[in-house]
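Undergrad: Please see the structure below; I have some questions.
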Amino acid sequence: KNKYIWKIVKKNRKRFERKMKLFDAHCHLQDPRIIGKAPQLISSAVASGVSFFAVNGVSEKDWNLVREMGVKYPSVVPCFGIHPWYVAERSPQWFETLKSFFETTPTAAVGEIGLDKGSKGREIDFLDQVGVFRQQLELAKELKKPASVHCVRAFGDLLEITKSVGPFPCGVILHSYLGSAEMVPEFAKLGAYFSFSGFLMSMSEKKAKKMLKAVPFDRILLETDSPDALPKAESGCLCFVEGDPSLQEEGISAQDLDSVSKGKSSASNDSMKLQKETLNHPANIHTVLGYVARLLDMKNKELAEVSYRNAVRLFSYQGSKLLLERGAGDVSAHTQNHSTTHVT
């Protein structure tokens, strides 16, 4: 059995300060590409300092699996929603089914929901997307739960809808945010949090830095969007999913990756070109942390503390695992403090 993932994690752990905690605010550990490896992925990510994972469903087909993961793993916060790519596949009773999932799973948040006018989103009727998104957004507000929102090339539409439905005292997460710096204040006024993944590295550093500087510190979140959004970094700095087909296709072995991580390989990081399909390990949130911290001129530990505190506040809604684990009894007091943070 390949041991390179654990070796890389153990090597990296020596560089991480022991008290540093991270919260993966958006991922898909139920994805068919990695579900068979979920126990190992969660274990190694937790060992590296990741305390919680917000695992987002994308359609009715995976909500049961997400719920099961929430029951099985204390670190998994389940989230239910219909992603815009799967709007056309929904059943006639989808909304009643969704509401029943929240009734039986009080620990759950809402997500992934949203709007998409990108290459894949254009295949789905946009008016249909808007109708399904609005229903789910209104439900999140009614249930007083945060909603994780996907948005591709539709930020104007998103702002218009969130203004009409909002504000959101319990928060709304703009996951893998790649919108403009100019739109940040408008979304922030409505209660939005801004979550950053490896996709941020696809934006020019100058533009990314300007946008990051516009985000209030109490609204910054970090995520992996695993198994997607592999950070654009040298392979020796990344963790890989054992048995990833894309690595095998490129003829890259576990031994090669392990050697590069230790600096013993004659092959350079640049020579090991990773495919777009290469799977993203949830432990790579540390790479996202380092990149965002550098652009914000912050220390990794400082940003880790800020983003973790923000995520804990956001996901501490009534019935959540975070409140249950802390044994918090006064939910109303917490909600009052939470609301004043959001709405300005």
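Quick note on naming: the chains in the structure tokens go A, B, ... in the order shown, residues restart at 1 in each chain, and ligands are numbered from 1 in order of appearance.
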Please identify which residues in stretch 100-267 of chain A DSSP calls strand (DSSP E) from the backbone, and express them as a ChimeraX atom specification.
TA: /A:109-116,147-152,172-174,192-196,220-222
Undergrad: I need the residues from that last selection saved to file as a short mmCIF file (atom, residue, chain, number, x, y, z; two decimals), in the first residue's frame (with N, CA, C and O atoms), if you can.
TA:
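selection-v6.cif, written as the output of this step:
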data_model
loop_
_atom_site.label_atom_id
_atom_site.label_comp_id
_atom_site.auth_asym_id
_atom_site.auth_seq_id
_atom_site.Cartn_x
_atom_site.Cartn_y
_atom_site.Cartn_z
N ALA A 109 -26.30 22.38 7.26
CA ALA A 109 -26.41 23.72 6.68
C ALA A 109 -26.93 23.57 5.25
O ALA A 109 -27.22 22.45 4.80
N VAL A 110 -27.04 24.68 4.52
CA VAL A 110 -27.57 24.65 3.16
C VAL A 110 -26.44 24.77 2.14
O VAL A 110 -25.57 25.64 2.27
N GLY A 111 -26.45 23.91 1.13
CA GLY A 111 -25.45 24.01 0.08
C GLY A 111 -25.19 22.69 -0.61
O GLY A 111 -25.44 21.63 -0.03
N GLU A 112 -24.82 22.69 -1.78
CA GLU A 112 -24.37 23.82 -2.55
C GLU A 112 -25.49 24.28 -3.47
O GLU A 112 -26.10 23.49 -4.17
N ILE A 113 -25.72 25.58 -3.47
CA ILE A 113 -26.74 26.17 -4.32
C ILE A 113 -26.08 27.28 -5.13
O ILE A 113 -24.93 27.64 -4.87
N GLY A 114 -26.78 27.83 -6.14
CA GLY A 114 -26.18 28.95 -6.84
C GLY A 114 -26.61 29.18 -8.26
O GLY A 114 -27.65 28.68 -8.72
N LEU A 115 -25.79 29.95 -8.97
CA LEU A 115 -26.05 30.37 -10.35
C LEU A 115 -24.80 30.17 -11.19
O LEU A 115 -23.69 30.38 -10.70
N ASP A 116 -24.98 29.76 -12.44
CA ASP A 116 -23.83 29.50 -13.29
C ASP A 116 -24.13 29.86 -14.75
O ASP A 116 -25.04 29.31 -15.36
N ALA A 147 -25.90 29.44 3.94
CA ALA A 147 -26.00 28.76 2.65
C ALA A 147 -24.71 28.96 1.88
O ALA A 147 -24.19 30.08 1.81
N SER A 148 -24.19 27.88 1.30
CA SER A 148 -22.97 27.96 0.51
C SER A 148 -23.34 28.13 -0.96
O SER A 148 -24.02 27.27 -1.54
N VAL A 149 -22.87 29.23 -1.55
CA VAL A 149 -23.32 29.64 -2.89
C VAL A 149 -22.22 29.55 -3.94
O VAL A 149 -21.12 30.07 -3.75
N HIS A 150 -22.56 28.89 -5.02
CA HIS A 150 -21.72 28.77 -6.21
C HIS A 150 -22.12 29.88 -7.18
O HIS A 150 -23.30 30.08 -7.44
N CYS A 151 -21.14 30.60 -7.70
CA CYS A 151 -21.47 31.64 -8.69
C CYS A 151 -20.37 31.72 -9.74
O CYS A 151 -19.20 31.94 -9.41
N VAL A 152 -20.74 31.51 -10.99
CA VAL A 152 -19.81 31.63 -12.11
C VAL A 152 -20.42 32.57 -13.15
O VAL A 152 -21.50 32.31 -13.68
N VAL A 172 -24.29 33.98 4.44
CA VAL A 172 -24.31 33.30 3.16
C VAL A 172 -22.85 33.24 2.71
O VAL A 172 -22.11 34.21 2.85
N ILE A 173 -22.42 32.07 2.24
CA ILE A 173 -21.02 31.86 1.87
C ILE A 173 -20.86 31.96 0.36
O ILE A 173 -21.48 31.20 -0.38
N LEU A 174 -20.04 32.88 -0.10
CA LEU A 174 -19.71 32.95 -1.52
C LEU A 174 -18.47 32.08 -1.70
O LEU A 174 -17.34 32.50 -1.48
N ALA A 192 -22.69 38.48 3.73
CA ALA A 192 -21.90 37.47 3.03
C ALA A 192 -20.53 37.24 3.66
O ALA A 192 -19.90 38.18 4.16
N TYR A 193 -20.10 35.99 3.59
CA TYR A 193 -18.73 35.59 3.90
C TYR A 193 -18.08 35.22 2.57
O TYR A 193 -18.76 34.78 1.63
N PHE A 194 -16.77 35.36 2.50
CA PHE A 194 -16.04 35.11 1.26
C PHE A 194 -15.04 33.98 1.50
O PHE A 194 -14.13 34.11 2.31
N SER A 195 -15.24 32.87 0.79
CA SER A 195 -14.43 31.68 0.99
C SER A 195 -13.48 31.49 -0.18
O SER A 195 -13.87 31.62 -1.34
N PHE A 196 -12.22 31.18 0.13
CA PHE A 196 -11.19 31.11 -0.90
C PHE A 196 -10.58 29.71 -0.99
O PHE A 196 -10.27 29.09 0.03
N ILE A 220 -13.66 36.37 6.25
CA ILE A 220 -12.76 35.52 5.46
C ILE A 220 -12.87 34.06 5.88
O ILE A 220 -12.79 33.73 7.07
N LEU A 221 -13.05 33.18 4.89
CA LEU A 221 -13.06 31.74 5.11
C LEU A 221 -12.08 31.08 4.15
O LEU A 221 -11.74 31.64 3.11
N LEU A 222 -11.65 29.87 4.50
CA LEU A 222 -10.78 29.08 3.63
C LEU A 222 -11.45 27.75 3.33
O LEU A 222 -12.19 27.21 4.15
#
Undergrad: Excluding same-chain residues fewer than 4 positions from stretch 53-61 of chain A, what lies within 10 Å of it counting only C-alpha atoms, as number ranges by chain?
TA: A: 22-31, 42, 45-46, 65-67, 69-70, 73-87, 89-91, 94-95, 97-98, 108-113, 147-148, 223-226, 282, 311, 315
Undergrad: Atom CA of A:Leu274 and atom CA of A:Leu200 are how many Å apart?
TA: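 About the pair atom CA of A:Leu274 and atom CA of A:Leu200: they are 17.4 Å apart.
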Undergrad: Could you name the residues that touch A:Pro106 at 10 Å or less, counting only C-alpha atoms, but leaving out those on the same chain fewer than 3 positions away, as a list of chain:residue names?
TA: A:Pro78, A:Phe101, A:Phe102, A:Glu103, A:Ala109, A:Leu143, A:Lys145, A:Tyr317, A:Gln318, A:Gly319, A:Ser320, A:Lys321
Undergrad: So, counting only C-alpha atoms, which residue among A:Gly118, A:Glu205, A:Val215, A:Thr162 is closest to A:Gln136?
TA: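 The answer is A:Thr162, which sits nearest to A:Gln136.
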Undergrad: Please determine, counting only C-alpha atoms, which residue among A:Ala304, A:Ile34, A:Val132, A:Leu212 has the shortest atom-to-atom distance to A:Phe240.
TA: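 Of all the options, A:Ile34 lies closest to A:Phe240.
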Undergrad: Which residue out of A:Leu139, A:Leu314, A:Ala229, A:Leu323 has the minimum interatomic distance to A:Cys170 when only C-alpha atoms are used?
TA: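 Answer, going by the shortest atom-to-atom distance: A:Leu314.
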Undergrad: If you run DSSP on this backbone, which residues of stretch 57-293 of chain A come out as alpha helix (DSSP H), and could you give them as a VMD selection string?
TA: chain A and resid 60 to 72 94 to 104 126 to 143 155 to 165 184 to 189 205 to 214 245 to 249 254 to 262 285 to 293
Undergrad: Leaving out A:Gly166 and any residue of its chain fewer than 2 positions from it, which residues lie within 9 Å of it when counting only C-alpha atoms, given as a list in words?
TA: Leu137, Glu138, Lys141, Ile161, Thr162, Lys163, Ser164, Phe168, Pro169, Leu190 and Gly191 of chain A
